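Novice: Take a look at model.txt, compact mmCIF, C-alpha atoms and all ligand atoms:
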```
# COMPACT_ATOMS: atom_id res chain seq x y z
CA MET N 1 102.75 122.09 135.02
CA MET N 2 105.76 120.87 133.11
CA LEU N 3 109.22 121.78 134.39
CA LEU N 4 112.15 122.03 132.02
CA PRO N 5 115.67 121.77 133.52
CA CYS N 6 117.68 124.68 132.17
CA PRO N 7 121.39 123.73 132.54
CA TRP N 8 122.15 127.30 133.67
CA CYS N 9 119.06 128.30 135.70
CA GLY N 10 117.77 124.99 137.06
CA PRO N 11 114.20 123.63 136.80
CA ARG N 12 111.77 126.24 135.46
CA ASN N 13 108.13 126.31 134.40
CA CYS N 14 107.74 125.52 130.71
CA THR N 15 105.90 128.84 130.27
CA GLU N 16 109.34 130.53 130.51
CA PHE N 17 110.43 128.68 127.36
CA THR N 18 109.69 128.98 123.66
CA TYR N 19 109.43 125.78 121.68
CA GLY N 20 111.99 125.68 118.89
CA GLY N 21 110.90 122.56 117.08
CA ASP N 22 112.25 119.13 116.27
CA ALA N 23 115.93 118.88 117.24
CA GLY N 24 116.40 116.11 114.69
CA ALA N 25 115.48 118.18 111.62
CA ARG N 26 118.50 118.70 109.39
CA ARG N 27 118.87 121.32 106.66
CA PRO N 28 119.33 119.68 103.26
CA GLN N 29 122.99 119.24 102.24
CA ASN N 30 122.42 120.35 98.64
CA PRO N 31 119.53 122.86 98.71
CA ASP N 32 119.80 123.78 95.02
CA ALA N 33 118.96 120.20 94.05
CA LEU N 34 115.65 120.09 95.95
CA THR N 35 112.27 120.26 94.26
CA ASP N 36 109.55 122.55 95.62
CA GLU N 37 107.85 119.50 97.10
CA GLU N 38 111.06 118.45 98.91
CA TRP N 39 111.49 121.99 100.29
CA ALA N 40 107.88 122.05 101.46
CA SER N 41 108.44 118.71 103.17
CA TYR N 42 111.59 119.99 104.93
CA VAL N 43 109.98 123.27 106.03
CA TYR N 44 106.49 122.11 107.02
CA LEU N 45 106.29 118.37 107.62
CA ARG N 46 107.35 116.94 110.95
CA ASP N 47 106.81 113.61 112.65
CA ASN N 48 104.47 113.65 115.60
CA PRO N 49 105.87 110.81 117.70
CA ARG N 50 104.17 109.27 120.71
CA GLY N 51 106.99 108.72 123.18
CA PRO N 52 110.58 110.02 123.40
CA HIS N 53 111.29 113.00 121.15
CA ASP N 54 114.28 115.39 120.83
CA GLU N 55 113.24 119.04 120.92
CA LEU N 56 114.82 122.48 120.99
CA TRP N 57 113.62 125.00 123.58
CA GLN N 58 114.79 128.55 124.25
CA HIS N 59 114.69 129.86 127.82
CA SER N 60 113.21 133.05 126.41
CA ALA N 61 112.00 134.48 129.74
CA GLY N 62 115.23 133.53 131.49
CA CYS N 63 118.82 133.26 130.31
CA ARG N 64 117.68 133.17 126.63
CA ARG N 65 119.93 130.19 125.90
CA TRP N 66 118.85 127.22 123.78
CA ILE N 67 118.59 123.74 125.21
CA ARG N 68 118.03 120.33 123.67
CA VAL N 69 115.44 118.30 125.55
CA ARG N 70 114.59 114.62 125.14
CA ARG N 71 110.99 114.45 126.30
CA ASP N 72 108.35 111.74 126.36
CA THR N 73 105.43 113.33 124.50
CA LEU N 74 102.98 110.94 126.16
CA THR N 75 103.92 111.55 129.81
CA HIS N 76 105.83 114.87 129.46
CA ASP N 77 108.70 113.31 131.44
CA VAL N 78 112.03 114.94 130.62
CA ILE N 79 114.55 112.18 129.92
CA GLU N 80 117.56 114.38 129.23
CA ALA N 81 118.36 118.09 128.83
CA ALA N 82 121.60 119.72 127.74
CA PRO N 83 122.89 122.87 126.05
CA ALA N 84 121.69 122.80 122.43
CA GLY N 85 125.24 122.64 121.07
CA ALA N 86 126.14 119.58 123.14
CA ARG N 87 125.90 116.09 121.73
CA SER N 88 123.61 113.57 123.37
CA ALA N 89 125.22 110.57 125.07
CA GLY N 90 122.90 108.22 123.32
ZN ZN N 101 118.05 129.42 131.60
```
Re-express the file's structure as structure tokens.
Ligand SMILES: [Zn+2]
Specialist:
Amino acid sequence: MMLLPCPWCGPRNCTEFTYGGDAGARRPQNPDALTDEEWASYVYLRDNPRGPHDELWQHSAGCRRWIRVRRDTLTHDVIEAAPAGARSAG
């Protein structure tokens, strides 16, 4: 069982959360200039890192707030968790 530390509710089972994707993905600055291939890449292609990864999770069965989690995808250890709008310290 993986626990995710909600900043408002405390540690909760990951089954209470909905995965929101890669927290590092950024919407293109000039969307009108993108080709179809570049849009497809932005929408569908994501890295699949082995190790620390920044992710968005929504506490959908709890407070419904979004959190940003830095998680090791190999060990599932949570390195850092904060409200999604907050900036990481590092
Ligand atoms: Zn919560």
Novice: List as JSON, numbers by chain the protein and nucleic acid residues lying within 6 Å of ligand ZN 101 (chain N), with all atoms listed in the file counted.
Specialist: {"N": [6, 8, 9, 59, 62, 63]}
Novice: Identify which of the residues N:Leu45, N:Met1, N:Leu34, N:Ala61 lies closest to N:Phe17, counting all atoms listed in the file when measuring atom-to-atom distances.
Specialist: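 Ranked by minimum distance to N:Phe17, first place goes to N:Ala61.
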Novice: For a test of reading the model, state the distance in Å between atom CA of N:Arg64 and atom CA of N:Ala23, rounded to one decimal.
Specialist: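 Going from atom CA of N:Arg64 over to atom CA of N:Ala23, I get 17.2 Å.
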Novice: Using all atoms listed in the file, which residues sit within 7 Å of N:Asp72 once same-chain residues fewer than 5 positions away are excluded, as a VMD selection string?
Specialist: chain N and resid 51 to 53 77 to 78
Novice: Mind pulling up the distance from atom CA of N:Leu56 to atom CA of N:Pro83?
Specialist: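 These two atoms are separated by 9.5 Å.
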Novice: Set the distance at 12 Å and use only C-alpha atoms: which residues neighbour N:Leu4 once local chain neighbours fewer than 3 positions away are removed? I'd like the list as a PyMOL selection string.
Specialist: chain N and resi 1+7-19+55-59+62+66-71+76-82
Novice: Could you turn the residues from that selection into a file that holds C-alpha atoms, as a short mmCIF file (atom, residue, chain, number, x, y, z; two decimals), in the frame of the given file?
Specialist:
```cif
data_model
loop_
_atom_site.label_atom_id
_atom_site.label_comp_id
_atom_site.auth_asym_id
_atom_site.auth_seq_id
_atom_site.Cartn_x
_atom_site.Cartn_y
_atom_site.Cartn_z
CA MET N 1 102.75 122.09 135.02
CA PRO N 7 121.39 123.73 132.54
CA TRP N 8 122.15 127.30 133.67
CA CYS N 9 119.06 128.30 135.70
CA GLY N 10 117.77 124.99 137.06
CA PRO N 11 114.20 123.63 136.80
CA ARG N 12 111.77 126.24 135.46
CA ASN N 13 108.13 126.31 134.40
CA CYS N 14 107.74 125.52 130.71
CA THR N 15 105.90 128.84 130.27
CA GLU N 16 109.34 130.53 130.51
CA PHE N 17 110.43 128.68 127.36
CA THR N 18 109.69 128.98 123.66
CA TYR N 19 109.43 125.78 121.68
CA GLU N 55 113.24 119.04 120.92
CA LEU N 56 114.82 122.48 120.99
CA TRP N 57 113.62 125.00 123.58
CA GLN N 58 114.79 128.55 124.25
CA HIS N 59 114.69 129.86 127.82
CA GLY N 62 115.23 133.53 131.49
CA TRP N 66 118.85 127.22 123.78
CA ILE N 67 118.59 123.74 125.21
CA ARG N 68 118.03 120.33 123.67
CA VAL N 69 115.44 118.30 125.55
CA ARG N 70 114.59 114.62 125.14
CA ARG N 71 110.99 114.45 126.30
CA HIS N 76 105.83 114.87 129.46
CA ASP N 77 108.70 113.31 131.44
CA VAL N 78 112.03 114.94 130.62
CA ILE N 79 114.55 112.18 129.92
CA GLU N 80 117.56 114.38 129.23
CA ALA N 81 118.36 118.09 128.83
CA ALA N 82 121.60 119.72 127.74
#
```
Novice: In Å, with one decimal, what is the gap from atom CA of N:Arg26 to atom CA of N:Ser41?
Specialist: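 Value for the atom CA of N:Arg26-atom CA of N:Ser41 distance: 11.8 Å.
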Novice: Around all the atoms of stretch 10-28 of chain N listed in the file, draw an axis-aligned box and extend it by 3 Å on each of the six sides; I want its centre and edge lengths in Å to one decimal, as AutoDock Vina command-line options.
Specialist:
```
--center_x 112.6 --center_y 123.3 --center_z 120.2 --size_x 19.4 --size_y 20.4 --size_z 39.8
```
Novice: Here's a test: counting all atoms listed in the file, identify every protein, DNA and RNA residue with an atom at most 9 Å from (98.9, 112.7, 119.8) in the file's coordinate frame, and state them as a ChimeraX atom specification.
Specialist: /N:48-50,73-74
